[in-house]
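Visitor: Structure file final05.txt, compact mmCIF, C-alpha atoms, is pasted below:
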# COMPACT_ATOMS: atom_id res chain seq x y z
CA MET I 1 0.00 0.00 0.00
CA ASN I 2 1.27 3.49 -0.73
CA GLU I 3 0.99 6.56 1.48
CA THR I 4 -2.44 7.41 0.08
CA GLY I 5 -3.80 4.05 1.23
CA ARG I 6 -4.02 2.78 -2.32
CA PRO I 7 -1.96 -0.23 -3.49
CA GLN I 8 1.30 0.54 -5.30
CA ASP I 9 1.55 3.26 -7.93
CA PHE I 10 2.60 0.95 -10.77
CA PRO I 11 0.03 -1.76 -11.50
CA LEU I 12 0.82 -5.25 -12.71
CA SER I 13 0.61 -4.91 -16.47
CA ASN I 14 2.03 -8.06 -18.03
CA PRO I 15 -0.67 -10.73 -18.52
CA ARG I 16 2.05 -13.33 -19.09
CA ALA I 17 3.94 -12.65 -15.88
CA ASP I 18 4.60 -15.64 -13.62
CA ARG I 19 2.53 -14.17 -10.80
CA VAL I 20 -0.44 -13.69 -13.10
CA ARG I 21 -0.17 -17.23 -14.43
CA ASP I 22 0.10 -18.52 -10.87
CA VAL I 23 -3.18 -16.89 -9.86
CA ALA I 24 -4.92 -18.01 -13.05
CA LYS I 25 -4.10 -21.64 -12.25
CA LEU I 26 -6.64 -21.52 -9.42
CA ALA I 27 -9.37 -21.78 -12.05
CA GLY I 28 -8.41 -25.46 -12.21
CA ARG I 29 -9.57 -27.89 -9.52
CA PRO I 30 -6.27 -29.82 -9.11
CA VAL I 31 -4.39 -26.63 -8.24
CA ARG I 32 -7.18 -25.48 -5.92
CA LEU I 33 -7.06 -28.75 -4.02
CA LYS I 34 -3.27 -28.74 -3.80
CA ARG I 35 -3.06 -25.19 -2.47
CA ARG I 36 -6.44 -25.18 -0.69
CA GLN I 37 -7.07 -21.79 -2.25
CA PHE I 38 -9.65 -20.41 -4.67
CA LEU I 39 -10.59 -17.22 -6.51
CA ALA I 40 -13.29 -14.75 -5.49
CA GLU I 41 -14.13 -12.48 -8.40
CA GLY I 42 -16.07 -9.23 -8.48
CA PRO I 43 -16.86 -6.53 -5.91
CA GLN I 44 -19.60 -8.44 -4.05
CA ALA I 45 -17.65 -11.65 -3.50
CA VAL I 46 -14.38 -9.89 -2.67
CA ARG I 47 -16.12 -7.51 -0.25
CA GLU I 48 -17.66 -10.38 1.69
CA ALA I 49 -14.36 -12.26 1.69
CA LEU I 50 -12.56 -9.23 3.13
CA VAL I 51 -15.26 -8.65 5.76
CA LEU I 52 -14.91 -12.27 6.91
CA HIS I 53 -11.13 -11.92 6.79
CA ARG I 54 -11.24 -8.92 9.13
CA LYS I 55 -13.71 -10.58 11.51
CA ARG I 56 -11.48 -13.62 11.83
CA LEU I 57 -8.38 -11.57 12.45
CA GLU I 58 -10.19 -9.55 15.13
CA ALA I 59 -11.20 -12.83 16.77
CA GLY I 60 -7.59 -14.02 16.77
CA GLU I 61 -8.21 -16.54 14.01
CA PRO I 62 -6.42 -16.97 10.67
CA GLY I 63 -7.77 -14.77 7.91
CA VAL I 64 -9.12 -16.06 4.62
CA VAL I 65 -7.77 -13.58 2.03
CA ARG I 66 -4.23 -14.03 0.76
CA GLU I 67 -4.02 -11.54 -2.09
CA VAL I 68 -6.18 -8.86 -3.71
CA TYR I 69 -5.77 -7.50 -7.24
CA ALA I 70 -7.82 -4.50 -8.34
CA SER I 71 -7.95 -1.97 -11.14
CA GLU I 72 -7.74 1.78 -10.61
CA ALA I 73 -11.27 2.13 -11.99
CA CYS I 74 -12.63 -0.39 -9.48
CA LEU I 75 -11.03 1.40 -6.53
CA ASP I 76 -12.35 4.71 -7.80
CA ARG I 77 -15.85 3.24 -7.91
CA TYR I 78 -15.57 1.30 -4.62
CA PRO I 79 -13.19 3.31 -2.40
CA GLU I 80 -14.10 1.20 0.63
CA PHE I 81 -11.88 -1.57 -0.70
CA GLU I 82 -8.79 0.43 0.18
CA ASP I 83 -9.69 0.14 3.88
CA LEU I 84 -11.06 -3.38 3.66
CA ALA I 85 -7.90 -4.68 1.96
CA ALA I 86 -5.55 -3.00 4.45
CA GLY I 87 -3.16 -5.57 5.87
CA THR I 88 -3.50 -7.95 2.93
CA SER I 89 -1.22 -8.29 -0.07
CA ALA I 90 -3.10 -5.80 -2.26
CA ARG I 91 -1.86 -4.78 -5.69
CA LEU I 92 -3.11 -2.71 -8.58
CA ALA I 93 -3.54 -4.54 -11.87
CA THR I 94 -4.50 -3.56 -15.38
CA ASP I 95 -7.66 -4.85 -17.02
CA ASP I 96 -5.57 -7.15 -19.23
CA VAL I 97 -3.96 -8.73 -16.17
CA LEU I 98 -7.28 -9.17 -14.41
CA ALA I 99 -8.72 -10.76 -17.54
CA ALA I 100 -5.80 -13.19 -17.61
CA MET I 101 -6.34 -14.09 -13.94
CA ALA I 102 -10.13 -14.34 -14.00
CA ASP I 103 -12.36 -17.18 -15.10
CA THR I 104 -14.90 -14.77 -16.61
CA VAL I 105 -14.69 -13.27 -20.09
CA THR I 106 -15.36 -9.81 -18.70
CA PRO I 107 -13.82 -9.46 -15.21
CA GLN I 108 -15.31 -6.98 -12.77
CA GLY I 109 -12.15 -5.17 -11.77
CA ILE I 110 -11.17 -7.02 -8.60
CA ILE I 111 -10.04 -10.53 -7.66
CA ALA I 112 -9.04 -12.09 -4.34
CA VAL I 113 -7.06 -15.25 -3.67
CA CYS I 114 -8.74 -16.90 -0.68
CA ASP I 115 -8.10 -19.90 1.52
CA PHE I 116 -10.72 -22.65 1.62
CA VAL I 117 -13.48 -21.84 4.11
CA ASP I 118 -15.26 -25.20 4.50
CA VAL I 119 -15.61 -26.80 7.94
CA PRO I 120 -15.97 -30.37 9.27
CA LEU I 121 -19.47 -31.81 9.68
CA ASP I 122 -19.02 -32.16 13.45
CA THR I 123 -18.40 -28.41 13.72
CA VAL I 124 -21.82 -27.76 12.20
CA LEU I 125 -23.72 -30.38 14.19
CA ASP I 126 -22.08 -29.49 17.50
CA ALA I 127 -23.43 -25.94 17.10
CA ARG I 128 -27.01 -27.27 17.35
CA PRO I 129 -28.25 -26.12 13.96
CA ARG I 130 -31.94 -25.62 13.28
CA LEU I 131 -31.84 -25.55 9.48
CA ILE I 132 -29.42 -27.30 7.10
CA ALA I 133 -29.49 -27.57 3.31
CA VAL I 134 -27.95 -30.79 1.98
CA LEU I 135 -27.00 -31.07 -1.70
CA CYS I 136 -26.91 -34.69 -2.86
CA GLN I 137 -25.12 -35.33 -6.16
CA VAL I 138 -25.75 -31.77 -7.34
CA ARG I 139 -23.41 -31.38 -10.30
CA ASP I 140 -24.04 -27.91 -11.73
CA PRO I 141 -21.91 -25.17 -10.13
CA GLY I 142 -24.54 -22.51 -10.82
CA ASN I 143 -27.23 -24.55 -9.09
CA ALA I 144 -25.03 -25.27 -6.09
CA GLY I 145 -24.19 -21.60 -5.72
CA THR I 146 -27.83 -20.60 -6.06
CA VAL I 147 -28.94 -22.99 -3.32
CA LEU I 148 -26.16 -21.79 -1.04
CA ARG I 149 -27.27 -18.21 -1.62
CA ALA I 150 -30.90 -19.15 -0.89
CA ALA I 151 -29.87 -20.95 2.29
CA ASP I 152 -28.00 -17.86 3.41
CA ALA I 153 -31.01 -15.64 2.70
CA ALA I 154 -33.31 -18.01 4.60
CA GLY I 155 -31.05 -17.89 7.64
CA ALA I 156 -29.96 -21.52 7.40
CA ASP I 157 -27.17 -22.60 9.73
CA ALA I 158 -25.14 -24.54 7.16
CA VAL I 159 -24.97 -26.04 3.70
CA VAL I 160 -23.65 -29.57 3.22
CA LEU I 161 -22.50 -31.03 -0.10
CA THR I 162 -22.07 -34.77 -0.52
CA GLY I 163 -18.88 -36.23 -1.90
CA SER I 164 -20.38 -36.68 -5.37
CA SER I 165 -21.51 -33.06 -5.65
CA VAL I 166 -19.81 -30.23 -7.53
CA ASP I 167 -16.77 -28.41 -6.20
CA ILE I 168 -18.21 -25.32 -4.49
CA TYR I 169 -14.90 -23.53 -5.14
CA ASN I 170 -15.47 -23.77 -8.89
CA PRO I 171 -15.32 -20.14 -10.10
CA LYS I 172 -18.88 -20.31 -11.47
CA ALA I 173 -20.17 -21.70 -8.18
CA VAL I 174 -18.37 -19.00 -6.20
CA ARG I 175 -19.86 -16.29 -8.41
CA SER I 176 -23.33 -17.83 -8.09
CA THR I 177 -23.20 -17.57 -4.31
CA ALA I 178 -22.88 -13.76 -4.61
CA GLY I 179 -20.73 -13.67 -1.50
CA SER I 180 -22.87 -16.05 0.57
CA LEU I 181 -20.03 -18.58 0.59
CA PHE I 182 -18.41 -16.33 3.20
CA HIS I 183 -21.53 -16.02 5.37
CA LEU I 184 -22.40 -19.50 6.63
CA PRO I 185 -20.60 -22.78 7.31
CA VAL I 186 -20.17 -25.11 4.34
CA VAL I 187 -19.33 -28.80 4.63
CA LEU I 188 -17.83 -30.64 1.66
CA GLY I 189 -17.56 -34.32 0.80
CA ALA I 190 -20.11 -35.51 3.34
CA ASP I 191 -21.44 -39.05 3.38
CA VAL I 192 -25.22 -38.67 3.26
CA GLU I 193 -25.87 -41.83 5.28
CA GLU I 194 -23.60 -40.68 8.07
CA LEU I 195 -25.13 -37.22 7.93
CA ALA I 196 -28.68 -38.53 8.22
CA ALA I 197 -27.74 -40.82 11.10
CA GLN I 198 -25.99 -38.04 13.01
CA CYS I 199 -28.87 -35.63 12.44
CA LYS I 200 -31.43 -38.12 13.75
CA SER I 201 -29.30 -38.93 16.79
CA ARG I 202 -29.23 -35.22 17.63
CA GLY I 203 -32.95 -34.65 17.18
CA ILE I 204 -32.71 -33.04 13.75
CA GLY I 205 -35.42 -34.21 11.38
CA VAL I 206 -34.47 -35.20 7.84
CA LEU I 207 -36.82 -34.21 5.01
CA ALA I 208 -36.41 -35.11 1.36
CA ALA I 209 -37.65 -32.64 -1.25
CA ASP I 210 -39.47 -34.98 -3.63
CA GLY I 211 -42.04 -34.10 -6.26
CA TYR I 212 -43.83 -37.39 -5.52
CA GLY I 213 -43.69 -37.04 -1.74
CA LYS I 214 -46.73 -37.94 0.32
CA LEU I 215 -46.51 -34.84 2.48
CA ASN I 216 -47.58 -31.50 1.05
CA LEU I 217 -45.38 -28.54 1.96
CA ASP I 218 -48.29 -26.09 1.97
CA ARG I 219 -50.20 -28.26 4.43
CA LEU I 220 -47.20 -28.51 6.72
CA GLN I 221 -46.91 -24.72 6.68
CA ASP I 222 -50.62 -24.30 7.44
CA GLU I 223 -50.38 -26.70 10.37
CA SER I 224 -47.33 -24.89 11.70
CA ALA I 225 -49.14 -21.53 11.46
CA ALA I 226 -52.16 -22.99 13.28
CA ARG I 227 -49.97 -24.17 16.14
CA ARG I 228 -48.36 -20.75 16.34
CA LEU I 229 -51.76 -19.05 16.62
CA SER I 230 -53.41 -21.49 19.02
CA GLY I 231 -50.38 -22.38 21.10
CA ALA I 232 -51.65 -25.95 21.12
CA ASP I 233 -50.52 -29.12 19.40
CA THR I 234 -52.87 -29.39 16.43
CA GLY I 235 -51.32 -32.58 15.16
CA SER I 236 -49.13 -33.00 12.11
CA ASP I 237 -47.07 -35.58 10.28
CA TYR I 238 -44.07 -33.30 10.76
CA ALA I 239 -43.51 -30.02 12.61
CA LEU I 240 -41.71 -27.62 10.28
CA GLU I 241 -40.66 -25.56 13.28
CA ALA I 242 -38.43 -28.42 14.47
CA PRO I 243 -34.71 -28.53 13.62
CA THR I 244 -34.53 -29.84 10.06
CA ALA I 245 -32.06 -30.98 7.42
CA TRP I 246 -33.47 -30.77 3.89
CA LEU I 247 -32.12 -33.18 1.25
CA PHE I 248 -32.06 -31.80 -2.31
CA GLY I 249 -31.19 -34.06 -5.20
CA ASN I 250 -29.49 -34.12 -8.57
CA GLU I 251 -30.79 -31.70 -11.21
CA ALA I 252 -31.89 -34.44 -13.63
CA GLN I 253 -32.66 -37.50 -11.50
CA GLY I 254 -33.57 -35.92 -8.18
CA LEU I 255 -32.83 -37.91 -5.04
CA SER I 256 -32.00 -41.59 -5.46
CA GLU I 257 -34.11 -44.25 -3.78
CA ALA I 258 -31.28 -44.84 -1.31
CA GLU I 259 -31.19 -41.13 -0.45
CA LEU I 260 -34.98 -40.93 -0.17
CA ALA I 261 -34.94 -43.88 2.21
CA LEU I 262 -32.74 -41.93 4.62
CA ALA I 263 -35.37 -39.25 5.15
CA ASP I 264 -38.03 -39.23 7.85
CA HIS I 265 -40.51 -37.93 5.26
CA ARG I 266 -40.73 -37.09 1.58
CA VAL I 267 -42.21 -33.66 1.02
CA ALA I 268 -43.63 -32.31 -2.24
CA VAL I 269 -43.85 -28.66 -3.21
CA PRO I 270 -47.32 -28.37 -4.77
CA VAL I 271 -47.48 -27.28 -8.41
CA TYR I 272 -50.70 -25.41 -9.18
CA GLY I 273 -50.03 -24.67 -12.83
CA PHE I 274 -48.97 -26.82 -15.75
CA ALA I 275 -45.21 -26.98 -15.18
CA GLU I 276 -43.93 -30.50 -14.76
CA SER I 277 -41.76 -29.53 -11.81
CA LEU I 278 -39.67 -26.79 -10.23
CA ASN I 279 -35.96 -26.46 -10.88
CA LEU I 280 -33.55 -27.24 -8.07
CA GLY I 281 -32.86 -23.66 -7.03
CA THR I 282 -36.53 -22.71 -6.85
CA ALA I 283 -37.61 -25.86 -5.01
CA ALA I 284 -34.80 -25.50 -2.48
CA THR I 285 -35.66 -21.86 -1.88
CA VAL I 286 -39.34 -22.65 -1.26
CA CYS I 287 -38.52 -25.48 1.14
CA LEU I 288 -35.91 -23.57 3.10
CA TYR I 289 -38.12 -20.52 3.48
CA ALA I 290 -41.03 -22.69 4.63
CA SER I 291 -38.88 -24.05 7.46
CA ALA I 292 -37.34 -20.65 8.21
CA ARG I 293 -40.77 -19.00 8.50
CA SER I 294 -42.07 -21.77 10.75
CA GLN I 295 -39.00 -21.53 12.99
CA GLN I 296 -39.38 -17.81 13.63
CA PRO I 297 -40.21 -17.05 17.28
Let me see the structure of the file written as structure tokens.

Guide:
Amino acid sequence: MNETGRPQDFPLSNPRADRVRDVAKLAGRPVRLKRRQFLAEGPQAVREALVLHRKRLEAGEPGVVREVYASEACLDRYPEFEDLAAGTSARLATDDVLAAMADTVTPQGIIAVCDFVDVPLDTVLDARPRLIAVLCQVRDPGNAGTVLRAADAAGADAVVLTGSSVDIYNPKAVRSTAGSLFHLPVVLGADVEELAAQCKSRGIGVLAADGYGKLNLDRLQDESAARRLSGADTGSDYALEAPTAWLFGNEAQGLSEAELALADHRVAVPVYGFAESLNLGTAATVCLYASARSQQP
């Protein structure tokens, strides 16, 4: 940083420089896994990464941001980054350099190299979560990022991805989370059988989002609302206000029979029009918000 608080006066300008190539390699999964680092691209993602970085440092914990590269134009538009990036390895870079580093065709003027932020499953379960989103064999990075963002918005306590799901550190997935990757705990590579067993042993119900499920999500919400109003147990197949882990399946095949069998109940989101079904992101959002609303005090 120079005396004005802005990174160095002379920006990185050679797209073929070793340092630029080194950052660009993080677009590939093998390098990400080896270094346990990934790229956050764009003002929203980098801002949330830096906010988490500062919070962790203030708590005496290791930060998450290793390096920040930004254009002059980006810092002119978002001057708060000069303060947020203080204490990190922050450097100016030309648009050509940022384009060479980024996974996107049109980079947004700022990139951060971050350490992995995922946590062990026990860390999540020991915190007594009330709402968990579980992605089972979800392969599309955009879908995974969208569900993580929805879980964050619904106030979920964690997102869990099974071992056969997409790499959440894929640049497209990171962009799709719109910064939510840095807001709530994420577990990677979970075994869904172990997860279901641990949830049940801790009093966390397991629901499977299934278009052919016997339980109707609207009815469960109505029953939860009735209990809230009356203060009495009105009877229900499942209380949405209880701690819950939702299982969401593969984009094309949905949940497998083995995964469905792990759930306490299969719950369908009713379709009132002529669409065959809802896409993964929409269905997950509806289910998570139904639980979140029922769990409100």

Visitor: If we count all atoms listed in the file, what is near segment 281-294 of chain I at a cut-off of 8 Å, once residues fewer than 2 positions away on the same chain are taken out, given as an MDAnalysis selection string?

Guide: chainID I and resid 131 133 143 146:147 150:151 154:156 209 217 221 224:225 240:241 244 246 248 269 278:279 296

Visitor: Hey, which of I:Lys172, I:Arg47, I:Arg130, I:Arg228 ends up closest to Ile111 of chain I? Count all atoms listed in the file.

Guide: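 The closest residue to Ile111 of chain I is I:Arg47.
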
Visitor: Would you mind telling me which residue in I:Val105, I:Val138, I:Leu220, I:Ala49 lies nearest to Ala252 of chain I when using all atoms listed in the file?

Guide: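 Using all atoms listed in the file, Ala252 of chain I sits closest to I:Val138.
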
Visitor: Under the rule that only C-alpha atoms are counted, which of I:Arg266, I:Arg91, I:Arg219, I:His53 is the nearest residue to Tyr69 of chain I?

Guide: I:Arg91

Visitor: May I have the residues within 10 Å of segment 26-29 of chain I as an NGL selection string, using only C-alpha atoms and disregarding those fewer than 2 positions away in the same chain?

Guide: :I and (21-24 or 31-39 or 101-103 or 113 or 167 or 169-172)

Visitor: From the options I:Gln137, I:Thr104, I:Ser277, I:Asn250, which residue's atoms come nearest to Gly211 of chain I, counting all atoms listed in the file?

Guide: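 Between I:Gln137, I:Thr104, I:Ser277, I:Asn250, the residue approaching Gly211 of chain I most closely is I:Ser277.
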
Visitor: Have a look at atom CA of Arg175 of chain I and atom CA of Asp152 of chain I and let me know their distance in Å, one decimal.

Guide: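 For atom CA of Arg175 of chain I relative to atom CA of Asp152 of chain I, the distance reads 14.4 Å.
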
Visitor: Report, in Å to a single decimal, how far apart atom CA of Asp96 of chain I and atom CA of Leu52 of chain I are.

Guide: 28.2 Å

Visitor: Could you state the separation of atom CA of Arg77 of chain I and atom CA of Leu12 of chain I in Å, given to one decimal place?

Guide: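 Between these atoms lies a distance of 19.3 Å.
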
Visitor: Could you list, as number ranges by chain, every residue within 8 Å of Val97 of chain I, counting only C-alpha atoms and ignoring same-chain residues fewer than 6 positions away?

Guide: I: 12-15, 20

Visitor: Within 9 Å of Arg66 of chain I, counting all atoms listed in the file, which residues show up once you throw out same-chain ones fewer than 4 positions away? Write them as a ChimeraX atom specification, please.

Guide: /I:37,88-90,112-115

Visitor: So that I can check the surroundings of Leu121 of chain I, please list as a PDB file with C-alpha atoms, in the frame of the given file every protein, DNA and RNA residue that reaches within 10 Å of it, counting all atoms listed in the file and ignoring chain neighbours fewer than 5 positions away.

Guide:
ATOM      1  CA  ASP I 126     -22.080 -29.490  17.500  1.00  0.00           C
ATOM      2  CA  ALA I 158     -25.140 -24.540   7.160  1.00  0.00           C
ATOM      3  CA  VAL I 159     -24.970 -26.040   3.700  1.00  0.00           C
ATOM      4  CA  VAL I 160     -23.650 -29.570   3.220  1.00  0.00           C
ATOM      5  CA  PRO I 185     -20.600 -22.780   7.310  1.00  0.00           C
ATOM      6  CA  VAL I 186     -20.170 -25.110   4.340  1.00  0.00           C
ATOM      7  CA  VAL I 187     -19.330 -28.800   4.630  1.00  0.00           C
ATOM      8  CA  LEU I 188     -17.830 -30.640   1.660  1.00  0.00           C
ATOM      9  CA  GLY I 189     -17.560 -34.320   0.800  1.00  0.00           C
ATOM     10  CA  ALA I 190     -20.110 -35.510   3.340  1.00  0.00           C
ATOM     11  CA  ASP I 191     -21.440 -39.050   3.380  1.00  0.00           C
ATOM     12  CA  GLU I 194     -23.600 -40.680   8.070  1.00  0.00           C
ATOM     13  CA  LEU I 195     -25.130 -37.220   7.930  1.00  0.00           C
ATOM     14  CA  GLN I 198     -25.990 -38.040  13.010  1.00  0.00           C
TER      15      GLN I 198
END

Visitor: Which is closer to Leu260 of chain I than all the others in I:Glu193, I:Glu82, I:Asp237, I:Asp218, using only C-alpha atoms?

Guide: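 Looking only at the distances to Leu260 of chain I, the closest residue turns out to be I:Glu193.
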
Visitor: Hey, could you pull the box centre and edge lengths for segment 82-93 of chain I, axis-aligned, 6 Å padding per side, all listed atoms, to one decimal in Å, as lines of an AutoDock Vina configuration file?

Guide:
center_x = -6.1
center_y = -3.9
center_z = -3.0
size_x = 21.8
size_y = 20.7
size_z = 29.7

Visitor: Closest to Gly205 of chain I among I:Cys74, I:Leu161, I:Ala263, I:Ala144, using all atoms listed in the file?

Guide: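 For Gly205 of chain I, the nearest of the given residues is I:Ala263.
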